[in-house]
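A.B. asks: Attaching a single structure in structure tokens format; questions to follow.
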There are 2 protein chains.
Amino acid sequence: MMWSKFLKPYFATYRDGSKLIKQNHSTAVCNNLSETFPEEPCGPCIKTPIPGPRTKQLLEDLNKIQQANSTSIFVNYDKCAGNYLVDADGNTYLDLYTNISTIPLGYNHPELLQVFNKQHELRSLINRPALGVFPGEDWPARMKNIINMIAPYGLTQLNTMMCGACANENAFKHAFMAYRRKMRGNDNFSREEKDTALLNQVPGIPKLSIMSFKNCFHGRTLGTLSATRSKFIQKIDIPAFDWPCAPFPQYRYPLEENCEFNIEEDNKCLAEVEHLMDRWCRKGMPVAGIIVEPIQSEGGDNHASPSFFRKLQSIARNNNAAYILDEIQTGGGPTGKFWCHEYFDLDCPPDIVTFSKKLQLGGYFSTEDMKPQQPFRTFNTWMGDPGKVIILEKCLKIIMRDKLIENVCSTGKYTLECLEQIQSDFCPTIHSVRGRGTFIAFTAETPEKRNEIIKRLKSKGVWSGACGSASIRLRPTLMFQQKHADIFLDILTKVIQETRCPIRKSGPELSPCNIDKDKYRVPPPDASTPQINLKDC
Amino acid sequence: MMWSKFLKPYFATYRDGSKLIKQNHSTAVCNNLSETFPEEPCGPCIKTPIPGPRTKQLLEDLNKIQQANSTSIFVNYDKCAGNYLVDADGNTYLDLYTNISTIPLGYNHPELLQVFNKQHELRSLINRPALGVFPGEDWPARMKNIINMIAPYGLTQLNTMMCGACANENAFKHAFMAYRRKMRGNDNFSREEKDTALLNQVPGIPKLSIMSFKNCFHGRTLGTLSATRSKFIQKIDIPAFDWPCAPFPQYRYPLEENCEFNIEEDNKCLAEVEHLMDRWCRKGMPVAGIIVEPIQSEGGDNHASPSFFRKLQSIARNNNAAYILDEIQTGGGPTGKFWCHEYFDLDCPPDIVTFSKKLQLGGYFSTEDMKPQQPFRTFNTWMGDPGKVIILEKCLKIIMRDKLIENVCSTGKYTLECLEQIQSDFCPTIHSVRGRGTFIAFTAETPEKRNEIIKRLKSKGVWSGACGSASIRLRPTLMFQQKHADIFLDILTKVIQETRCPIRKSGPELSPCNIDKDKYRVPPPDASTPQINLKDC
């Protein structure tokens, strides 16, 4: 099934089982990309201890007016270029975390800097409307254009919001409304429902729940935080709804050696999903929606098989629950498809797909069935932001014109295979290398070693991200190329060697700073790295 | 008490009991403002039925891809200027609703259109950071600058968010965390708290509540929607927390004739607040925060006295509950002070003041006591948007330089007094004229008449807003001047005459289209209109 119609030509290359990267093609892509950022540095350059003295001073300033200790560095965004971040102390990093995966085209993309040169675009930015009441006359066409470019197959409806949490909050609301509509048979509210709604009491305010998964992350507003199950510090002391939390498959890697265990993981988790559906129904709080990330990101880059996602959808449908795919982190191309769920070959479209991050603002695509019958049921003052949609439209045009999803597939495959080689050399210091596209992660031997690796990478000019308890995630831009991957792989190897790697299975001694690049070339087709797909087992 | 330090010179004129508008001064302001928008139309101009044919077509288009029936008109933002909105059919409206009160300086303010001409500002917009981790190096100074300009007295902390709902969601979270910190004595979480937090179970997830008021509006995410009590359509079918809802004073107007009744209203409501605090405590779900709007806006422009707000704060303090003022609609100058709660002479600063709308993005000021001790407790990917803060900073400079809050006081006083004259002529077709600054409302005899008045105003080129069941609210820009008020008052008089006004108490027959402007001149000091202040009774 081809789900992103507009992207078909670019996806086709990678969907039909071809395991060979078309070198000529991807070389063309890369040459093109290299010209985009003539000012991009050749590599990282670290001049001070991290954090540097100016960063420390700025953090002290900021801490006076807010709890700012989550701040990693202060950035000089004027000096950033492409895949490189420059901090307030003049240190230059190769950025594999990209502001929590929100920068699709690198820093200071020259074409994005031109977007608001046009008077109409500038006025759309400055005269920011309440889109639910007074949209600009170009708004329907802009929305239609976005749908034409990226709507997941079968999802004809689009609502924009401000951020990912609001996207998920509103997805929940659609799920609740749809569930009640099904139960009631219509949306003709009774007098009692209307009166009790304002009192937070049944029947106007129903007892319904959203099912999510252990280690998931869906946001931090009170509704989404009730679904989020990633880290205690996000949730402690904050009241939550009594909603069910199912286990998410915890696979063993490499996949091809652990098929039986992993299939059993799927089955156990799905059985528990059915059990919880039943249990919450009997508690009088039936599940109106199941929300799931195609890859659990904050929770540890946990993957599940296409089969798991198909069966989960089937359970949702059998229970009249909306199937909500949270593609806030996976959407926009980093997995090698525009939407990660395109890998799953679902039997029918999901009910709602939420997005944010790389897409510049929050929002969701949904089916016609999820559409409220009355206005003002999902509504707020701004309902998104045309200024962000204008940037998004430009990003999408560039992604397609410059074949950036092909670039992601090419660089991702290369990086994954090289990481598997490093893993094989240095296991268990790092293990469980996994990913789709450049949406890649690996796990360190212990949480402490993970933190040490991240810190050492940083000190050598590579910015990566932590996730789960002991994993490291890569979230580069869509412009991330083999030349960037080589620098990362070189530094990572050095770092792993420094990180007391007790077992080193094979391979020649590596020169930490000048690793043999040939080692990381793409292997021939028959040695191609399997991507996660338990169907193939 | 002077709470907005930077604005002191502008407030002083209106704080010391002076009831006489200083004409010379306000004339100077007005002349200055008139030069800002040389292209502003002289008046409304309606060319088609409303909605016009192009609007109908666009609505049909938009309804194909979302539930869009909340849309009033599609706007040609390129053609809007100052206080005038131009729709897709070429109709020009005097805008007294300003995109739900979000446009502080009118449409296409020439200086706002220049803001992103500077490369640094443009790069801050395009390279949008995850502010909680990778802020720009200018971020602490920008935040400090905003605090210096507008922080409510005593509130040293500032957090930005994306919208008003997220501001309130996070205000609730601060209240919950502060409450638990007080109860626990510290933030040293136990093992059991950490473990249960991920399970949505006590003790990690406590049973706590937020108190709000009948008819209030605080947002539509699941947390804020649990507090919102405005209209059933906003809440029906959406699960909510079991939180208490207290009555809000329902005053009779004119205030000076209803002192006794209104003071009794205050007392009854405050007694119920105390009763509910106690009741929810006994239910095992103590109130950790009280959230209240200085003027209930969506719920009907319901005012309460300074004394009410002072006593409410006292109850909150006595119960260890945070006192949260939702200034999302009142903040930013429309009431004639930058923050409406400056009218209340509170005994000590509120714990949290939330903002959005005219301030371009969401956020909140808070006391040092409300600051979380650990990072990542109030956090999300973007934590606001430097692009919006840059626009906000420019808006604030213009508000101060052009003395726009003085303009609001001057135009507001004039408009209010004229409306009282119209009310006196046409009561009860409209009654209960009330307001602070240009944040003005009046109530129609019935909901149907209210809707008819709004529709007829629209058909004659004035855009106003509905609120409550039968009220009309005015939310003009801060650039709204007497010349604009005259046009509005002229058209309103005509509309009221058309709206079957059964009782007309006095005054000469008015020519509907060319009303005698002298009638609306500011009366002499001794006839000055009382603003709402039960202390004065």
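Chain labels follow the order of the structure tokens: the first chain is A, the next B, and so on; residue numbering restarts at 1 in every chain, and ligands are counted from 1 in their shown order.
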Going by DSSP on the backbone, which residues of segment 175-367 of chain B come out as strand (DSSP E)? List them as a PyMOL selection string.
C.D. replies: chain B and resi 209-213+245-246+287-292+295-296+302-303+322-326+352-355+362-366
A.B. asks: Residues of chain B no more than 6 Å from chain A, counting only C-alpha atoms: send them over as a count of residues only.
C.D. replies: 48
A.B. asks: How many Å lie between atom CA of Pro476 of chain B and atom CA of Gly333 of chain B, rounded to one decimal?
C.D. replies: 11.1 Å
A.B. asks: Compile the contact shell of segment 430-438 of chain B as a PDB file with all heavy atoms, in the first residue's frame: residues with an atom at most 8 Å away, counting only C-alpha atoms, same-chain residues fewer than 6 positions apart removed.
C.D. replies:
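Contents of out28.pdb, freshly written:
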```pdb
ATOM      1  N   ARG B 252     -25.442  43.092  40.186  1.00  0.00           N
ATOM      2  CA  ARG B 252     -26.472  43.877  39.524  1.00  0.00           C
ATOM      3  C   ARG B 252     -25.907  45.246  39.189  1.00  0.00           C
ATOM      4  O   ARG B 252     -25.100  45.793  39.945  1.00  0.00           O
ATOM      5  CB  ARG B 252     -27.680  44.029  40.460  1.00  0.00           C
ATOM      6  CG  ARG B 252     -28.487  42.746  40.583  1.00  0.00           C
ATOM      7  CD  ARG B 252     -29.769  42.996  41.349  1.00  0.00           C
ATOM      8  NE  ARG B 252     -30.464  41.749  41.604  1.00  0.00           N
ATOM      9  CZ  ARG B 252     -31.309  41.563  42.610  1.00  0.00           C
ATOM     10  NH1 ARG B 252     -31.589  42.569  43.449  1.00  0.00           N
ATOM     11  NH2 ARG B 252     -31.911  40.406  42.770  1.00  0.00           N
ATOM     12  N   TYR B 253     -26.365  45.770  38.083  1.00  0.00           N
ATOM     13  CA  TYR B 253     -25.893  47.084  37.623  1.00  0.00           C
ATOM     14  C   TYR B 253     -27.071  48.053  37.593  1.00  0.00           C
ATOM     15  O   TYR B 253     -28.212  47.625  37.429  1.00  0.00           O
ATOM     16  CB  TYR B 253     -25.255  46.966  36.234  1.00  0.00           C
ATOM     17  CG  TYR B 253     -23.954  46.207  36.274  1.00  0.00           C
ATOM     18  CD1 TYR B 253     -23.935  44.809  36.279  1.00  0.00           C
ATOM     19  CD2 TYR B 253     -22.746  46.881  36.344  1.00  0.00           C
ATOM     20  CE1 TYR B 253     -22.742  44.110  36.355  1.00  0.00           C
ATOM     21  CE2 TYR B 253     -21.535  46.171  36.413  1.00  0.00           C
ATOM     22  CZ  TYR B 253     -21.544  44.800  36.411  1.00  0.00           C
ATOM     23  OH  TYR B 253     -20.367  44.120  36.479  1.00  0.00           O
ATOM     24  N   PRO B 254     -26.834  49.358  37.684  1.00  0.00           N
ATOM     25  CA  PRO B 254     -25.539  49.985  37.938  1.00  0.00           C
ATOM     26  C   PRO B 254     -25.052  49.709  39.352  1.00  0.00           C
ATOM     27  O   PRO B 254     -25.837  49.602  40.288  1.00  0.00           O
ATOM     28  CB  PRO B 254     -25.804  51.485  37.718  1.00  0.00           C
ATOM     29  CG  PRO B 254     -27.279  51.656  37.658  1.00  0.00           C
ATOM     30  CD  PRO B 254     -27.934  50.333  37.519  1.00  0.00           C
ATOM     31  N   PRO B 334      -5.596  45.956  27.985  1.00  0.00           N
ATOM     32  CA  PRO B 334      -6.944  46.371  27.557  1.00  0.00           C
ATOM     33  C   PRO B 334      -7.825  46.889  28.691  1.00  0.00           C
ATOM     34  O   PRO B 334      -8.796  47.588  28.420  1.00  0.00           O
ATOM     35  CB  PRO B 334      -7.549  45.081  26.968  1.00  0.00           C
ATOM     36  CG  PRO B 334      -6.812  43.967  27.636  1.00  0.00           C
ATOM     37  CD  PRO B 334      -5.410  44.506  27.824  1.00  0.00           C
ATOM     38  N   THR B 335      -7.488  46.570  29.935  1.00  0.00           N
ATOM     39  CA  THR B 335      -8.335  47.045  31.042  1.00  0.00           C
ATOM     40  C   THR B 335      -7.904  48.427  31.532  1.00  0.00           C
ATOM     41  O   THR B 335      -8.501  48.963  32.458  1.00  0.00           O
ATOM     42  CB  THR B 335      -8.283  46.076  32.243  1.00  0.00           C
ATOM     43  OG1 THR B 335      -6.963  46.111  32.808  1.00  0.00           O
ATOM     44  CG2 THR B 335      -8.630  44.658  31.825  1.00  0.00           C
ATOM     45  N   GLY B 336      -6.843  48.971  30.933  1.00  0.00           N
ATOM     46  CA  GLY B 336      -6.369  50.275  31.382  1.00  0.00           C
ATOM     47  C   GLY B 336      -5.217  50.173  32.368  1.00  0.00           C
ATOM     48  O   GLY B 336      -4.668  51.176  32.800  1.00  0.00           O
ATOM     49  N   LYS B 337      -4.881  48.975  32.724  1.00  0.00           N
ATOM     50  CA  LYS B 337      -3.620  48.697  33.417  1.00  0.00           C
ATOM     51  C   LYS B 337      -3.005  47.513  32.689  1.00  0.00           C
ATOM     52  O   LYS B 337      -3.712  46.756  32.019  1.00  0.00           O
ATOM     53  CB  LYS B 337      -3.860  48.345  34.881  1.00  0.00           C
ATOM     54  CG  LYS B 337      -4.490  49.493  35.669  1.00  0.00           C
ATOM     55  CD  LYS B 337      -4.383  49.270  37.142  1.00  0.00           C
ATOM     56  CE  LYS B 337      -5.106  50.382  37.889  1.00  0.00           C
ATOM     57  NZ  LYS B 337      -4.449  51.692  37.735  1.00  0.00           N
ATOM     58  N   VAL B 408      -5.915  53.597  26.025  1.00  0.00           N
ATOM     59  CA  VAL B 408      -6.986  52.678  26.425  1.00  0.00           C
ATOM     60  C   VAL B 408      -7.851  53.315  27.518  1.00  0.00           C
ATOM     61  O   VAL B 408      -9.086  53.272  27.457  1.00  0.00           O
ATOM     62  CB  VAL B 408      -6.391  51.344  26.931  1.00  0.00           C
ATOM     63  CG1 VAL B 408      -7.429  50.525  27.689  1.00  0.00           C
ATOM     64  CG2 VAL B 408      -5.835  50.537  25.767  1.00  0.00           C
ATOM     65  N   CYS B 409      -7.201  53.935  28.498  1.00  0.00           N
ATOM     66  CA  CYS B 409      -7.970  54.576  29.582  1.00  0.00           C
ATOM     67  C   CYS B 409      -8.861  55.671  29.024  1.00  0.00           C
ATOM     68  O   CYS B 409     -10.045  55.773  29.374  1.00  0.00           O
ATOM     69  CB  CYS B 409      -7.008  55.169  30.616  1.00  0.00           C
ATOM     70  SG  CYS B 409      -6.140  53.925  31.568  1.00  0.00           S
ATOM     71  N   SER B 410      -8.288  56.462  28.156  1.00  0.00           N
ATOM     72  CA  SER B 410      -9.030  57.595  27.611  1.00  0.00           C
ATOM     73  C   SER B 410     -10.198  57.127  26.734  1.00  0.00           C
ATOM     74  O   SER B 410     -11.359  57.470  26.963  1.00  0.00           O
ATOM     75  CB  SER B 410      -8.044  58.451  26.799  1.00  0.00           C
ATOM     76  OG  SER B 410      -8.728  59.300  25.938  1.00  0.00           O
ATOM     77  N   THR B 411      -9.896  56.284  25.770  1.00  0.00           N
ATOM     78  CA  THR B 411     -10.958  55.802  24.876  1.00  0.00           C
ATOM     79  C   THR B 411     -11.968  54.954  25.640  1.00  0.00           C
ATOM     80  O   THR B 411     -13.168  55.008  25.373  1.00  0.00           O
ATOM     81  CB  THR B 411     -10.375  54.958  23.723  1.00  0.00           C
ATOM     82  OG1 THR B 411      -9.254  55.619  23.186  1.00  0.00           O
ATOM     83  CG2 THR B 411     -11.393  54.745  22.634  1.00  0.00           C
ATOM     84  N   GLY B 412     -11.459  54.178  26.592  1.00  0.00           N
ATOM     85  CA  GLY B 412     -12.343  53.308  27.361  1.00  0.00           C
ATOM     86  C   GLY B 412     -13.337  54.112  28.175  1.00  0.00           C
ATOM     87  O   GLY B 412     -14.536  53.807  28.187  1.00  0.00           O
ATOM     88  N   LYS B 413     -12.841  55.134  28.838  1.00  0.00           N
ATOM     89  CA  LYS B 413     -13.725  55.962  29.661  1.00  0.00           C
ATOM     90  C   LYS B 413     -14.802  56.616  28.791  1.00  0.00           C
ATOM     91  O   LYS B 413     -15.990  56.621  29.135  1.00  0.00           O
ATOM     92  CB  LYS B 413     -12.870  57.023  30.356  1.00  0.00           C
ATOM     93  CG  LYS B 413     -13.580  57.887  31.379  1.00  0.00           C
ATOM     94  CD  LYS B 413     -12.540  58.718  32.131  1.00  0.00           C
ATOM     95  CE  LYS B 413     -13.149  59.870  32.905  1.00  0.00           C
ATOM     96  NZ  LYS B 413     -14.157  59.445  33.872  1.00  0.00           N
ATOM     97  N   THR B 415     -15.887  55.606  25.834  1.00  0.00           N
ATOM     98  CA  THR B 415     -16.814  54.605  25.291  1.00  0.00           C
ATOM     99  C   THR B 415     -17.799  54.134  26.359  1.00  0.00           C
ATOM    100  O   THR B 415     -18.998  53.991  26.100  1.00  0.00           O
ATOM    101  CB  THR B 415     -16.014  53.396  24.742  1.00  0.00           C
ATOM    102  OG1 THR B 415     -15.005  53.875  23.864  1.00  0.00           O
ATOM    103  CG2 THR B 415     -16.906  52.430  23.987  1.00  0.00           C
ATOM    104  N   LEU B 416     -17.278  53.901  27.538  1.00  0.00           N
ATOM    105  CA  LEU B 416     -18.122  53.420  28.630  1.00  0.00           C
ATOM    106  C   LEU B 416     -19.207  54.442  28.964  1.00  0.00           C
ATOM    107  O   LEU B 416     -20.391  54.083  29.136  1.00  0.00           O
ATOM    108  CB  LEU B 416     -17.236  53.161  29.849  1.00  0.00           C
ATOM    109  CG  LEU B 416     -17.767  52.257  30.953  1.00  0.00           C
ATOM    110  CD1 LEU B 416     -18.056  50.864  30.432  1.00  0.00           C
ATOM    111  CD2 LEU B 416     -16.730  52.165  32.075  1.00  0.00           C
ATOM    112  N   LEU B 419     -21.781  54.518  26.260  1.00  0.00           N
ATOM    113  CA  LEU B 419     -22.631  53.320  26.313  1.00  0.00           C
ATOM    114  C   LEU B 419     -23.636  53.428  27.454  1.00  0.00           C
ATOM    115  O   LEU B 419     -24.780  52.975  27.337  1.00  0.00           O
ATOM    116  CB  LEU B 419     -21.773  52.069  26.482  1.00  0.00           C
ATOM    117  CG  LEU B 419     -21.118  51.543  25.213  1.00  0.00           C
ATOM    118  CD1 LEU B 419     -20.115  50.450  25.547  1.00  0.00           C
ATOM    119  CD2 LEU B 419     -22.174  51.012  24.237  1.00  0.00           C
ATOM    120  N   GLU B 420     -23.209  54.034  28.540  1.00  0.00           N
ATOM    121  CA  GLU B 420     -24.159  54.202  29.645  1.00  0.00           C
ATOM    122  C   GLU B 420     -25.297  55.129  29.242  1.00  0.00           C
ATOM    123  O   GLU B 420     -26.445  54.953  29.660  1.00  0.00           O
ATOM    124  CB  GLU B 420     -23.430  54.718  30.874  1.00  0.00           C
ATOM    125  CG  GLU B 420     -22.489  53.643  31.401  1.00  0.00           C
ATOM    126  CD  GLU B 420     -22.010  53.893  32.809  1.00  0.00           C
ATOM    127  OE1 GLU B 420     -21.890  55.062  33.177  1.00  0.00           O
ATOM    128  OE2 GLU B 420     -21.764  52.893  33.515  1.00  0.00           O
ATOM    129  N   GLN B 423     -27.480  53.006  27.036  1.00  0.00           N
ATOM    130  CA  GLN B 423     -28.217  52.109  27.926  1.00  0.00           C
ATOM    131  C   GLN B 423     -29.376  52.842  28.596  1.00  0.00           C
ATOM    132  O   GLN B 423     -30.496  52.327  28.682  1.00  0.00           O
ATOM    133  CB  GLN B 423     -27.250  51.573  28.987  1.00  0.00           C
ATOM    134  CG  GLN B 423     -27.874  50.950  30.194  1.00  0.00           C
ATOM    135  CD  GLN B 423     -26.813  50.581  31.241  1.00  0.00           C
ATOM    136  OE1 GLN B 423     -26.537  49.408  31.436  1.00  0.00           O
ATOM    137  NE2 GLN B 423     -26.205  51.557  31.867  1.00  0.00           N
ATOM    138  N   ALA B 444     -27.669  42.080  26.539  1.00  0.00           N
ATOM    139  CA  ALA B 444     -28.916  42.302  25.802  1.00  0.00           C
ATOM    140  C   ALA B 444     -30.084  41.710  26.587  1.00  0.00           C
ATOM    141  O   ALA B 444     -29.897  40.924  27.515  1.00  0.00           O
ATOM    142  CB  ALA B 444     -28.823  41.672  24.420  1.00  0.00           C
ATOM    143  N   GLU B 445     -31.260  42.123  26.186  1.00  0.00           N
ATOM    144  CA  GLU B 445     -32.461  41.729  26.938  1.00  0.00           C
ATOM    145  C   GLU B 445     -32.627  40.208  26.959  1.00  0.00           C
ATOM    146  O   GLU B 445     -33.041  39.637  27.962  1.00  0.00           O
ATOM    147  CB  GLU B 445     -33.675  42.396  26.276  1.00  0.00           C
ATOM    148  CG  GLU B 445     -34.895  42.445  27.153  1.00  0.00           C
ATOM    149  CD  GLU B 445     -36.011  43.227  26.469  1.00  0.00           C
ATOM    150  OE1 GLU B 445     -35.816  43.650  25.306  1.00  0.00           O
ATOM    151  OE2 GLU B 445     -37.067  43.397  27.083  1.00  0.00           O
ATOM    152  N   LEU B 474     -16.560  43.916  23.930  1.00  0.00           N
ATOM    153  CA  LEU B 474     -15.694  44.694  23.049  1.00  0.00           C
ATOM    154  C   LEU B 474     -14.247  44.380  23.407  1.00  0.00           C
ATOM    155  O   LEU B 474     -13.869  44.459  24.580  1.00  0.00           O
ATOM    156  CB  LEU B 474     -15.963  46.187  23.225  1.00  0.00           C
ATOM    157  CG  LEU B 474     -17.427  46.626  23.183  1.00  0.00           C
ATOM    158  CD1 LEU B 474     -17.531  48.141  23.293  1.00  0.00           C
ATOM    159  CD2 LEU B 474     -18.102  46.131  21.898  1.00  0.00           C
ATOM    160  N   ARG B 475     -13.470  44.004  22.408  1.00  0.00           N
ATOM    161  CA  ARG B 475     -12.050  43.719  22.619  1.00  0.00           C
ATOM    162  C   ARG B 475     -11.242  44.377  21.510  1.00  0.00           C
ATOM    163  O   ARG B 475     -10.605  43.713  20.695  1.00  0.00           O
ATOM    164  CB  ARG B 475     -11.787  42.196  22.597  1.00  0.00           C
ATOM    165  CG  ARG B 475     -12.469  41.396  23.680  1.00  0.00           C
ATOM    166  CD  ARG B 475     -11.888  41.677  25.062  1.00  0.00           C
ATOM    167  NE  ARG B 475     -12.544  40.878  26.060  1.00  0.00           N
ATOM    168  CZ  ARG B 475     -13.666  41.228  26.701  1.00  0.00           C
ATOM    169  NH1 ARG B 475     -14.246  42.409  26.459  1.00  0.00           N
ATOM    170  NH2 ARG B 475     -14.197  40.432  27.603  1.00  0.00           N
ATOM    171  N   PRO B 476     -11.298  45.713  21.475  1.00  0.00           N
ATOM    172  CA  PRO B 476     -10.568  46.382  20.395  1.00  0.00           C
ATOM    173  C   PRO B 476      -9.061  46.323  20.617  1.00  0.00           C
ATOM    174  O   PRO B 476      -8.589  45.857  21.661  1.00  0.00           O
ATOM    175  CB  PRO B 476     -11.066  47.823  20.508  1.00  0.00           C
ATOM    176  CG  PRO B 476     -11.442  47.997  21.942  1.00  0.00           C
ATOM    177  CD  PRO B 476     -11.958  46.652  22.391  1.00  0.00           C
ATOM    178  N   GLN B 531     -15.990  53.244  37.727  1.00  0.00           N
ATOM    179  CA  GLN B 531     -15.549  51.908  37.316  1.00  0.00           C
ATOM    180  C   GLN B 531     -15.867  50.975  38.479  1.00  0.00           C
ATOM    181  O   GLN B 531     -16.186  51.413  39.578  1.00  0.00           O
ATOM    182  CB  GLN B 531     -14.057  51.943  37.010  1.00  0.00           C
ATOM    183  CG  GLN B 531     -13.797  52.664  35.698  1.00  0.00           C
ATOM    184  CD  GLN B 531     -12.526  52.199  35.055  1.00  0.00           C
ATOM    185  OE1 GLN B 531     -11.540  51.938  35.729  1.00  0.00           O
ATOM    186  NE2 GLN B 531     -12.534  52.083  33.746  1.00  0.00           N
ATOM    187  N   ILE B 532     -15.757  49.694  38.197  1.00  0.00           N
ATOM    188  CA  ILE B 532     -16.222  48.751  39.210  1.00  0.00           C
ATOM    189  C   ILE B 532     -15.266  48.707  40.405  1.00  0.00           C
ATOM    190  O   ILE B 532     -14.097  48.396  40.277  1.00  0.00           O
ATOM    191  CB  ILE B 532     -16.408  47.351  38.605  1.00  0.00           C
ATOM    192  CG1 ILE B 532     -17.102  46.456  39.585  1.00  0.00           C
ATOM    193  CG2 ILE B 532     -15.099  46.755  38.157  1.00  0.00           C
ATOM    194  CD1 ILE B 532     -17.761  45.297  38.916  1.00  0.00           C
TER     195      ILE B 532
END
```
A.B. asks: Could you check which of A:Arg279, A:Trp463, A:His303, A:Ile440 is closest to Glu265 of chain A, using only C-alpha atoms?
C.D. replies: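 For Glu265 of chain A, the nearest of the candidates is A:His303.
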A.B. asks: What does the distance from atom CA of Ile491 of chain A to atom CA of Leu33 of chain A come to in Å, to one decimal?
C.D. replies: 22.8 Å
A.B. asks: Could you tell me, as a PyMOL selection string, which residues of segment 424-493 of chain A DSSP assigns to helix (DSSP H, G or I) when given the backbone?
C.D. replies: chain A and resi 424-426+447-459+482-493
A.B. asks: Tell me which of A:Leu312, A:Gly363, A:Leu255, A:Val495 sits closest to Ser459 of chain A, counting only C-alpha atoms.
C.D. replies: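 Closest to Ser459 of chain A of all the choices is A:Val495.
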A.B. asks: Pick the closest to Phe442 of chain B from B:Asn407, B:Thr330, B:Thr499, B:Asn302: which is it, counting only C-alpha atoms?
C.D. replies: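 Closest residue, counting only C-alpha atoms: B:Asn302.
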A.B. asks: Hey, which of A:Ala321, A:Cys340, A:Cys427, A:Ile150 ends up closest to Glu274 of chain A? Count only C-alpha atoms.
C.D. replies: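 When distances to Glu274 of chain A are compared using only C-alpha atoms, the smallest one comes from A:Ala321.
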A.B. asks: Interatomic distance between atom CA of Thr36 of chain B and atom CA of Tyr84 of chain B?
C.D. replies: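 Atom CA of Thr36 of chain B sits 13.3 Å away from atom CA of Tyr84 of chain B.
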